[in-house]
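This is my_file-v5.pdb. It holds PDB, C-alpha atoms.
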```pdb
MODEL        1
ATOM      1  CA  MET A 258     -52.962   6.444 -77.562  1.00  0.00           C
ATOM      2  CA  LYS A 259     -49.816   8.275 -78.586  1.00  0.00           C
ATOM      3  CA  PRO A 260     -48.689   8.901 -82.181  1.00  0.00           C
ATOM      4  CA  LYS A 261     -45.958   6.654 -83.506  1.00  0.00           C
ATOM      5  CA  GLN A 262     -42.449   8.057 -83.684  1.00  0.00           C
ATOM      6  CA  MET A 263     -41.434   7.419 -87.286  1.00  0.00           C
ATOM      7  CA  LYS A 264     -38.356   8.532 -89.181  1.00  0.00           C
ATOM      8  CA  GLY A 265     -39.469  11.015 -91.832  1.00  0.00           C
ATOM      9  CA  VAL A 266     -42.801  11.783 -90.113  1.00  0.00           C
ATOM     10  CA  PRO A 267     -43.100  15.228 -88.433  1.00  0.00           C
ATOM     11  CA  GLN A 268     -43.362  15.335 -84.638  1.00  0.00           C
ATOM     12  CA  GLN A 269     -46.820  15.649 -83.105  1.00  0.00           C
ATOM     13  CA  GLN A 270     -47.063  18.878 -81.094  1.00  0.00           C
ATOM     14  CA  SER A 271     -50.736  19.828 -80.859  1.00  0.00           C
ATOM     15  CA  GLY A 272     -54.138  19.128 -82.352  1.00  0.00           C
ATOM     16  CA  GLY A 273     -55.343  15.858 -83.788  1.00  0.00           C
ATOM     17  CA  PHE A 274     -53.314  13.010 -85.283  1.00  0.00           C
ATOM     18  CA  HIS A 275     -53.724   9.555 -86.774  1.00  0.00           C
ATOM     19  CA  ASP A 276     -51.597   6.568 -87.736  1.00  0.00           C
ATOM     20  CA  THR A 277     -53.265   4.692 -90.594  1.00  0.00           C
ATOM     21  CA  GLU A 278     -51.418   1.574 -91.751  1.00  0.00           C
ATOM     22  CA  SER A 279     -52.004  -1.474 -93.936  1.00  0.00           C
ATOM     23  CA  GLN A 280     -49.652  -4.430 -94.303  1.00  0.00           C
ATOM     24  CA  LYS A 281     -49.567  -7.603 -96.388  1.00  0.00           C
ATOM     25  CA  GLN A 282     -47.256 -10.585 -96.420  1.00  0.00           C
ATOM     26  CA  PHE A 283     -45.905 -11.945 -99.707  1.00  0.00           C
ATOM     27  CA  GLU A 284     -43.592 -14.714-100.792  1.00  0.00           C
ATOM     28  CA  PRO A 285     -40.018 -13.344-100.724  1.00  0.00           C
ATOM     29  CA  THR A 286     -39.556 -14.117-104.418  1.00  0.00           C
ATOM     30  CA  LEU A 287     -42.593 -11.955-105.274  1.00  0.00           C
ATOM     31  CA  LEU A 288     -41.719  -8.970-103.107  1.00  0.00           C
ATOM     32  CA  PRO A 289     -39.486  -7.075-105.592  1.00  0.00           C
ATOM     33  CA  LEU A 290     -42.176  -7.196-108.295  1.00  0.00           C
ATOM     34  CA  LYS A 291     -44.980  -6.333-105.869  1.00  0.00           C
ATOM     35  CA  PHE A 292     -43.015  -3.394-104.463  1.00  0.00           C
ATOM     36  CA  GLN A 293     -42.355  -2.088-107.969  1.00  0.00           C
ATOM     37  CA  LEU A 294     -46.099  -2.201-108.656  1.00  0.00           C
ATOM     38  CA  LEU A 295     -46.728  -0.462-105.333  1.00  0.00           C
ATOM     39  CA  ARG A 296     -44.254   2.304-106.238  1.00  0.00           C
ATOM     40  CA  GLU A 297     -46.007   2.850-109.564  1.00  0.00           C
ATOM     41  CA  ARG A 298     -49.358   3.184-107.801  1.00  0.00           C
ATOM     42  CA  PHE A 299     -47.900   5.461-105.141  1.00  0.00           C
ATOM     43  CA  PHE A 300     -46.364   7.866-107.649  1.00  0.00           C
ATOM     44  CA  ASP A 301     -49.444   8.030-109.909  1.00  0.00           C
ATOM     45  CA  VAL A 302     -51.383  10.502-107.764  1.00  0.00           C
ATOM     46  CA  THR A 303     -54.244  10.943-110.236  1.00  0.00           C
ATOM     47  CA  LYS A 304     -55.172   7.250-109.882  1.00  0.00           C
ATOM     48  CA  TRP A 305     -55.373   7.157-106.073  1.00  0.00           C
ATOM     49  CA  LYS A 306     -59.160   7.451-106.185  1.00  0.00           C
ATOM     50  CA  SER A 307     -59.398   4.325-108.354  1.00  0.00           C
ATOM     51  CA  TYR A 308     -57.993   2.190-105.507  1.00  0.00           C
ATOM     52  CA  CYS A 309     -60.599   3.403-103.012  1.00  0.00           C
ATOM     53  CA  GLY A 310     -64.012   3.145-104.650  1.00  0.00           C
ATOM     54  CA  ALA A 311     -66.856   5.656-104.587  1.00  0.00           C
ATOM     55  CA  GLY A 312     -66.853   8.437-102.021  1.00  0.00           C
ATOM     56  CA  PHE A 313     -63.098   8.983-101.911  1.00  0.00           C
ATOM     57  CA  ALA A 314     -61.377  12.259-102.783  1.00  0.00           C
ATOM     58  CA  ALA A 315     -59.868  12.768-106.248  1.00  0.00           C
ATOM     59  CA  PHE A 316     -56.246  13.928-106.457  1.00  0.00           C
ATOM     60  CA  LYS A 317     -54.334  15.739-109.199  1.00  0.00           C
ATOM     61  CA  LEU A 318     -50.663  16.704-109.291  1.00  0.00           C
ATOM     62  CA  TYR A 319     -49.481  20.226-110.198  1.00  0.00           C
ATOM     63  CA  ASP A 320     -46.002  21.676-110.603  1.00  0.00           C
ATOM     64  CA  PRO A 321     -44.770  24.737-108.622  1.00  0.00           C
ATOM     65  CA  LYS A 322     -46.173  27.063-111.307  1.00  0.00           C
ATOM     66  CA  GLY A 323     -49.663  25.617-110.962  1.00  0.00           C
ATOM     67  CA  CYS A 324     -49.641  23.597-114.193  1.00  0.00           C
ATOM     68  CA  GLU A 325     -50.949  20.028-114.167  1.00  0.00           C
ATOM     69  CA  ALA A 326     -48.020  17.586-114.010  1.00  0.00           C
ATOM     70  CA  LYS A 327     -48.207  14.099-115.506  1.00  0.00           C
ATOM     71  CA  ARG A 328     -45.074  12.649-113.922  1.00  0.00           C
ATOM     72  CA  ILE A 329     -43.921  11.350-110.549  1.00  0.00           C
ATOM     73  CA  PRO A 330     -44.268  13.836-107.668  1.00  0.00           C
ATOM     74  CA  GLN A 331     -41.395  16.125-106.731  1.00  0.00           C
ATOM     75  CA  LYS A 332     -40.664  18.324-103.737  1.00  0.00           C
ATOM     76  CA  GLY A 333     -42.324  21.693-104.303  1.00  0.00           C
ATOM     77  CA  ASP A 334     -45.220  20.225-106.303  1.00  0.00           C
ATOM     78  CA  PHE A 335     -48.841  20.672-105.260  1.00  0.00           C
ATOM     79  CA  MET A 336     -51.729  18.225-104.983  1.00  0.00           C
ATOM     80  CA  ARG A 337     -55.275  19.390-105.705  1.00  0.00           C
ATOM     81  CA  ILE A 338     -57.855  17.487-103.664  1.00  0.00           C
ATOM     82  CA  ASP A 339     -61.511  17.256-104.615  1.00  0.00           C
ATOM     83  CA  ILE A 340     -63.311  16.101-101.476  1.00  0.00           C
ATOM     84  CA  PRO A 341     -66.891  14.843-101.918  1.00  0.00           C
ATOM     85  CA  GLY A 342     -69.343  17.401-100.510  1.00  0.00           C
ATOM     86  CA  PRO A 343     -69.166  21.193-100.172  1.00  0.00           C
ATOM     87  CA  GLY A 344     -65.927  22.641-101.535  1.00  0.00           C
ATOM     88  CA  LYS A 345     -63.993  25.771-100.643  1.00  0.00           C
ATOM     89  CA  LYS A 346     -65.487  28.935-102.067  1.00  0.00           C
ATOM     90  CA  GLU A 347     -62.110  30.703-102.397  1.00  0.00           C
ATOM     91  CA  ALA A 348     -60.389  27.793-104.157  1.00  0.00           C
ATOM     92  CA  LYS A 349     -63.181  26.918-106.595  1.00  0.00           C
ATOM     93  CA  GLY A 350     -64.215  23.885-104.588  1.00  0.00           C
ATOM     94  CA  TYR A 351     -60.799  22.337-104.021  1.00  0.00           C
ATOM     95  CA  ASP A 352     -58.335  21.821-101.189  1.00  0.00           C
ATOM     96  CA  TRP A 353     -54.597  22.120-101.861  1.00  0.00           C
ATOM     97  CA  VAL A 354     -51.422  20.741-100.279  1.00  0.00           C
ATOM     98  CA  GLU A 355     -47.764  21.294-101.097  1.00  0.00           C
ATOM     99  CA  ILE A 356     -45.210  18.480-101.141  1.00  0.00           C
ATOM    100  CA  THR A 357     -42.641  19.675 -98.607  1.00  0.00           C
ATOM    101  CA  ASP A 358     -40.524  16.539 -98.436  1.00  0.00           C
ATOM    102  CA  LEU A 359     -39.844  13.493-100.613  1.00  0.00           C
ATOM    103  CA  CYS A 360     -37.575  10.907 -99.031  1.00  0.00           C
ATOM    104  CA  PHE A 361     -36.157   7.563-100.192  1.00  0.00           C
ATOM    105  CA  GLN A 362     -34.655   5.201 -97.615  1.00  0.00           C
ATOM    106  CA  GLU A 363     -32.990   1.866 -98.330  1.00  0.00           C
ATOM    107  CA  ASP A 364     -30.705  -0.649 -96.647  1.00  0.00           C
ATOM    108  CA  SER A 365     -29.856  -4.319 -97.173  1.00  0.00           C
ATOM    109  CA  SER A 366     -33.239  -5.583 -95.927  1.00  0.00           C
ATOM    110  CA  SER A 367     -35.773  -2.780 -96.323  1.00  0.00           C
ATOM    111  CA  GLU A 368     -36.839   0.144 -98.512  1.00  0.00           C
ATOM    112  CA  SER A 369     -39.310   2.985 -98.136  1.00  0.00           C
ATOM    113  CA  VAL A 370     -40.618   6.053 -99.937  1.00  0.00           C
ATOM    114  CA  ILE A 371     -42.126   8.965 -97.991  1.00  0.00           C
ATOM    115  CA  ILE A 372     -44.081  11.990 -99.235  1.00  0.00           C
ATOM    116  CA  THR A 373     -44.949  14.719 -96.719  1.00  0.00           C
ATOM    117  CA  CYS A 374     -47.530  17.395 -97.534  1.00  0.00           C
ATOM    118  CA  ARG A 375     -48.795  20.577 -95.864  1.00  0.00           C
ATOM    119  CA  PRO A 376     -51.949  22.600 -96.531  1.00  0.00           C
ATOM    120  CA  SER A 377     -51.147  25.374 -98.981  1.00  0.00           C
ATOM    121  CA  ARG A 378     -52.536  28.222-101.052  1.00  0.00           C
ATOM    122  CA  ASP A 379     -54.007  27.584-104.480  1.00  0.00           C
ATOM    123  CA  PRO A 380     -50.948  27.786-106.794  1.00  0.00           C
ATOM    124  CA  LYS A 381     -53.213  28.675-109.716  1.00  0.00           C
ATOM    125  CA  ASN A 382     -54.413  31.860-107.979  1.00  0.00           C
ATOM    126  CA  SER A 383     -51.519  34.265-107.374  1.00  0.00           C
ATOM    127  CA  LYS A 384     -53.828  36.969-105.983  1.00  0.00           C
ATOM    128  CA  ASN A 385     -55.164  34.928-103.078  1.00  0.00           C
ATOM    129  CA  HIS A 386     -52.720  33.839-100.383  1.00  0.00           C
ATOM    130  CA  HIS A 387     -55.263  32.218 -98.063  1.00  0.00           C
ATOM    131  CA  ILE A 388     -54.593  28.578 -97.219  1.00  0.00           C
ATOM    132  CA  ALA A 389     -56.900  26.530 -99.448  1.00  0.00           C
ATOM    133  CA  HIS A 390     -57.460  23.605 -97.103  1.00  0.00           C
ATOM    134  CA  PHE A 391     -59.625  22.733 -94.122  1.00  0.00           C
ATOM    135  CA  TYR A 392     -56.537  22.175 -91.916  1.00  0.00           C
ATOM    136  CA  SER A 393     -54.056  24.848 -90.848  1.00  0.00           C
ATOM    137  CA  PRO A 394     -50.602  25.036 -92.519  1.00  0.00           C
ATOM    138  CA  LYS A 395     -48.995  23.489 -89.418  1.00  0.00           C
ATOM    139  CA  SER A 396     -50.812  20.239 -90.159  1.00  0.00           C
ATOM    140  CA  THR A 397     -49.092  17.519 -92.165  1.00  0.00           C
ATOM    141  CA  SER A 398     -50.025  14.340 -94.000  1.00  0.00           C
ATOM    142  CA  THR A 399     -47.202  11.880 -94.611  1.00  0.00           C
ATOM    143  CA  PHE A 400     -47.735   9.101 -97.158  1.00  0.00           C
ATOM    144  CA  MET A 401     -45.422   6.091 -96.934  1.00  0.00           C
ATOM    145  CA  ILE A 402     -44.821   2.796 -98.688  1.00  0.00           C
ATOM    146  CA  SER A 403     -42.193   0.300 -97.567  1.00  0.00           C
ATOM    147  CA  ARG A 404     -40.981  -3.250 -97.910  1.00  0.00           C
ATOM    148  CA  THR A 405     -39.238  -5.709 -95.600  1.00  0.00           C
ATOM    149  CA  PRO A 406     -38.003  -9.213 -96.496  1.00  0.00           C
ATOM    150  CA  THR A 407     -41.546 -10.554 -95.942  1.00  0.00           C
ATOM    151  CA  HIS A 408     -44.076  -7.681 -96.019  1.00  0.00           C
ATOM    152  CA  LEU A 409     -45.261  -4.631 -97.920  1.00  0.00           C
ATOM    153  CA  LYS A 410     -46.733  -1.689 -96.050  1.00  0.00           C
ATOM    154  CA  ALA A 411     -48.714   1.399 -97.043  1.00  0.00           C
ATOM    155  CA  ALA A 412     -49.497   4.117 -94.529  1.00  0.00           C
ATOM    156  CA  VAL A 413     -50.730   7.661 -93.975  1.00  0.00           C
ATOM    157  CA  TYR A 414     -49.704   9.627 -90.877  1.00  0.00           C
ATOM    158  CA  GLY A 415     -51.563  12.803 -89.910  1.00  0.00           C
ATOM    159  CA  ARG A 416     -49.931  15.226 -87.490  1.00  0.00           C
ATOM    160  CA  ASN A 417     -50.877  18.522 -85.788  1.00  0.00           C
ATOM    161  CA  GLU A 418     -54.334  18.624 -87.334  1.00  0.00           C
ATOM    162  CA  ARG A 419     -56.203  21.851 -86.555  1.00  0.00           C
ATOM    163  CA  PRO A 420     -58.929  23.746 -88.444  1.00  0.00           C
ATOM    164  CA  ASN A 421     -57.830  26.476 -90.844  1.00  0.00           C
ATOM    165  CA  PHE A 422     -59.102  29.907 -89.828  1.00  0.00           C
ATOM    166  CA  ASN A 423     -57.094  31.743 -92.519  1.00  0.00           C
ATOM    167  CA  ALA A 424     -60.109  32.010 -94.832  1.00  0.00           C
ATOM    168  CA  GLY A 425     -63.340  33.847 -95.517  1.00  0.00           C
ATOM    169  CA  PHE A 426     -66.304  33.383 -93.186  1.00  0.00           C
ATOM    170  CA  ILE A 427     -68.115  30.768 -95.300  1.00  0.00           C
ATOM    171  CA  ASP A 428     -64.926  28.736 -95.719  1.00  0.00           C
ATOM    172  CA  ILE A 429     -64.155  28.958 -91.985  1.00  0.00           C
ATOM    173  CA  ILE A 430     -67.510  27.322 -91.225  1.00  0.00           C
ATOM    174  CA  ARG A 431     -66.832  24.633 -93.818  1.00  0.00           C
ATOM    175  CA  ASN A 432     -63.276  24.112 -92.518  1.00  0.00           C
ATOM    176  CA  LEU A 433     -64.540  23.668 -88.960  1.00  0.00           C
ATOM    177  CA  MET A 434     -67.046  21.042 -90.046  1.00  0.00           C
ATOM    178  CA  VAL A 435     -64.650  19.060 -92.247  1.00  0.00           C
ATOM    179  CA  ALA A 436     -61.721  19.311 -89.814  1.00  0.00           C
ATOM    180  CA  ALA A 437     -63.906  18.258 -86.885  1.00  0.00           C
ATOM    181  CA  GLY A 438     -65.018  15.194 -88.816  1.00  0.00           C
ATOM    182  CA  GLY A 439     -61.413  14.389 -89.709  1.00  0.00           C
ATOM    183  CA  MET A 440     -60.218  14.757 -86.129  1.00  0.00           C
ATOM    184  CA  MET A 441     -63.062  12.480 -84.961  1.00  0.00           C
ATOM    185  CA  GLY A 442     -61.842   9.692 -87.224  1.00  0.00           C
ATOM    186  CA  VAL A 443     -63.647  10.185 -90.533  1.00  0.00           C
ATOM    187  CA  SER A 444     -60.434  10.939 -92.406  1.00  0.00           C
ATOM    188  CA  LYS A 445     -58.745   7.868 -90.928  1.00  0.00           C
ATOM    189  CA  ILE A 446     -61.500   5.719 -92.460  1.00  0.00           C
ATOM    190  CA  GLN A 447     -60.853   7.359 -95.832  1.00  0.00           C
ATOM    191  CA  TRP A 448     -57.076   6.968 -95.594  1.00  0.00           C
ATOM    192  CA  LYS A 449     -57.518   3.318 -94.606  1.00  0.00           C
ATOM    193  CA  LYS A 450     -59.332   2.772 -97.925  1.00  0.00           C
ATOM    194  CA  LEU A 451     -56.285   4.197 -99.695  1.00  0.00           C
ATOM    195  CA  SER A 452     -53.657   2.209 -97.785  1.00  0.00           C
ATOM    196  CA  ASP A 453     -55.670  -1.009 -98.229  1.00  0.00           C
ATOM    197  CA  GLY A 454     -56.240  -0.203-101.897  1.00  0.00           C
ATOM    198  CA  PHE A 455     -52.551   0.312-102.583  1.00  0.00           C
ATOM    199  CA  LEU A 456     -51.884  -3.265-101.475  1.00  0.00           C
ATOM    200  CA  ASP A 457     -54.803  -4.902-103.264  1.00  0.00           C
ATOM    201  CA  PHE A 458     -53.171  -6.505-106.304  1.00  0.00           C
ATOM    202  CA  GLN A 459     -56.089  -8.817-107.166  1.00  0.00           C
TER     203      GLN A 459
ENDMDL
END
```

Turn the structure described in the file into structure tokens.
Amino acid sequence: MKPKQMKGVPQQQSGGFHDTESQKQFEPTLLPLKFQLLRERFFDVTKWKSYCGAGFAAFKLYDPKGCEAKRIPQKGDFMRIDIPGPGKKEAKGYDWVEITDLCFQEDSSSESVIITCRPSRDPKNSKNHHIAHFYSPKSTSTFMISRTPTHLKAAVYGRNERPNFNAGFIDIIRNLMVAAGGMMGVSKIQWKKLSDGFLDFQ
């Protein structure tokens, strides 16, 4: 299976990848309201865990200076990820990504919002420049929501997923284990919970 070619999603060059998508059909008259609710969920990063149930990672948004941000995400912001299980020693138990792209696309019949992230250093620790994530900085995760005249879609696209070796010995072992699980499909199961949860308006 080859990765999908999607506008706004980085090209797959090497390593693992996944295309995780959820889609729901709605009455055309309800779509504008449902998409507005979906946008609110998508931009409220700290609540992502609440749509996925127990066992999912917890996210928090931080500005470029490393201060917690209670607003919609912006390019240059960071997300702190608290993955269940052993955390990174160097980053006080957390993984970090930087928002490298934030894109809005709209035409007469469709609309989408795309957030692309890359593994990053811990912005709260200026003395440590190691990548605080189990994937290498060439890896990307692209989060997308979109609407058509009949459907809403939520998706996560992983590209160029490789273990991060830019770390201390203990973290390298942890990164290998977590990245291997992700590349074998564990992360896709987790992301599917998120994409399904975004569209569950019951």

>> With only C-alpha atoms as the counted atoms, please give the residues lying no more than 7 Å from region 271-280 of chain A, apart from itself and same-chain residues fewer than 3 positions off, as a PyMOL selection string.
In response: chain A and resi 260+408-419+440+445+448-449+452-453

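The result of the PyMOL selection byres ((chain A and resi 293) around 12) on the shown file is Leu287, Leu288, Pro289, Leu290, Lys291, Phe292, Leu294, Leu295, Arg296, Glu297, Arg298, Phe299, Phe300, Glu368, Ser369, Val370, Ile402, Ser403, Arg404, Leu409, Phe455, Leu456 and Phe458 of chain A.
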
> Smallest atom-to-atom distance to Thr397 (chain A): which of A:Ile329, A:Ile338, A:Val354, A:Leu451, using all atoms listed in the file?
Replying inline: A:Val354

> Which residues match the PyMOL selection byres ((chain A and resi 283) around 6) in the file above, as JSON, numbers by chain?
Replying inline: {"A": [282, 284, 407, 408]}

> Skipping near chain neighbours, those fewer than 5 positions away, what residues fall within 6 Å of Tyr319 (chain A) using all atoms listed in the file, listed as a list in words?
Replying inline: Cys324, Glu325, Ala326, Asp334 and Phe335 of chain A

> If you apply the PyMOL selection byres ((chain A and resi 266) around 8) to this file, what residues do you get, as a list in words?
Replying inline: Gln262, Met263, Lys264, Gly265, Pro267, Gln268, Thr373, Thr399 and Tyr414 of chain A

> Quick one: of A:Trp305, A:Gln270, A:Thr405, A:Phe422, who's nearest to Ser367 (chain A), counting all atoms listed in the file?
Replying inline: A:Thr405

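From CA of Gln447 (chain A) back to CA of Ala314 (chain A), the distance works out to 8.5 Å.
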
> Once you count only C-alpha atoms, which residues end up no further than 6 Å from (-49.8, 14.8, -110.1) in the file's frame, shown as number ranges by chain?
Replying inline: A: 302-303, 317-319, 326-327

Take the selection from the previous step and output its residues with C-alpha atoms, as a PDB file, in the frame of the given file.
```
ATOM      1  CA  VAL A 302     -51.383  10.502-107.764  1.00  0.00           C
ATOM      2  CA  THR A 303     -54.244  10.943-110.236  1.00  0.00           C
ATOM      3  CA  LYS A 317     -54.334  15.739-109.199  1.00  0.00           C
ATOM      4  CA  LEU A 318     -50.663  16.704-109.291  1.00  0.00           C
ATOM      5  CA  TYR A 319     -49.481  20.226-110.198  1.00  0.00           C
ATOM      6  CA  ALA A 326     -48.020  17.586-114.010  1.00  0.00           C
ATOM      7  CA  LYS A 327     -48.207  14.099-115.506  1.00  0.00           C
TER       8      LYS A 327
END
```

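Within 7 Å of the point (-37.5, 11.1, -101.9) in file coordinates, and counting only C-alpha atoms, lie the residues Leu359, Cys360, Phe361, Val370 and Ile371 of chain A.
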
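With distances restricted to only C-alpha atoms, A:Asn421 is the closest residue to Ala389 (chain A) from A:Asn421, A:Arg328, A:Tyr308, A:Lys281.
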
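The two atoms in question, CA of Ile388 (chain A) and CA of Tyr351 (chain A), are spaced 11.1 Å apart.
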
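If you look at CA of Trp353 (chain A) and CA of Lys322 (chain A), they are 13.6 Å away from each other.
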
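Closest approach to Lys304 (chain A) among A:Pro394, A:Gly454, A:Pro341, A:Pro406: A:Gly454, based on only C-alpha atoms.
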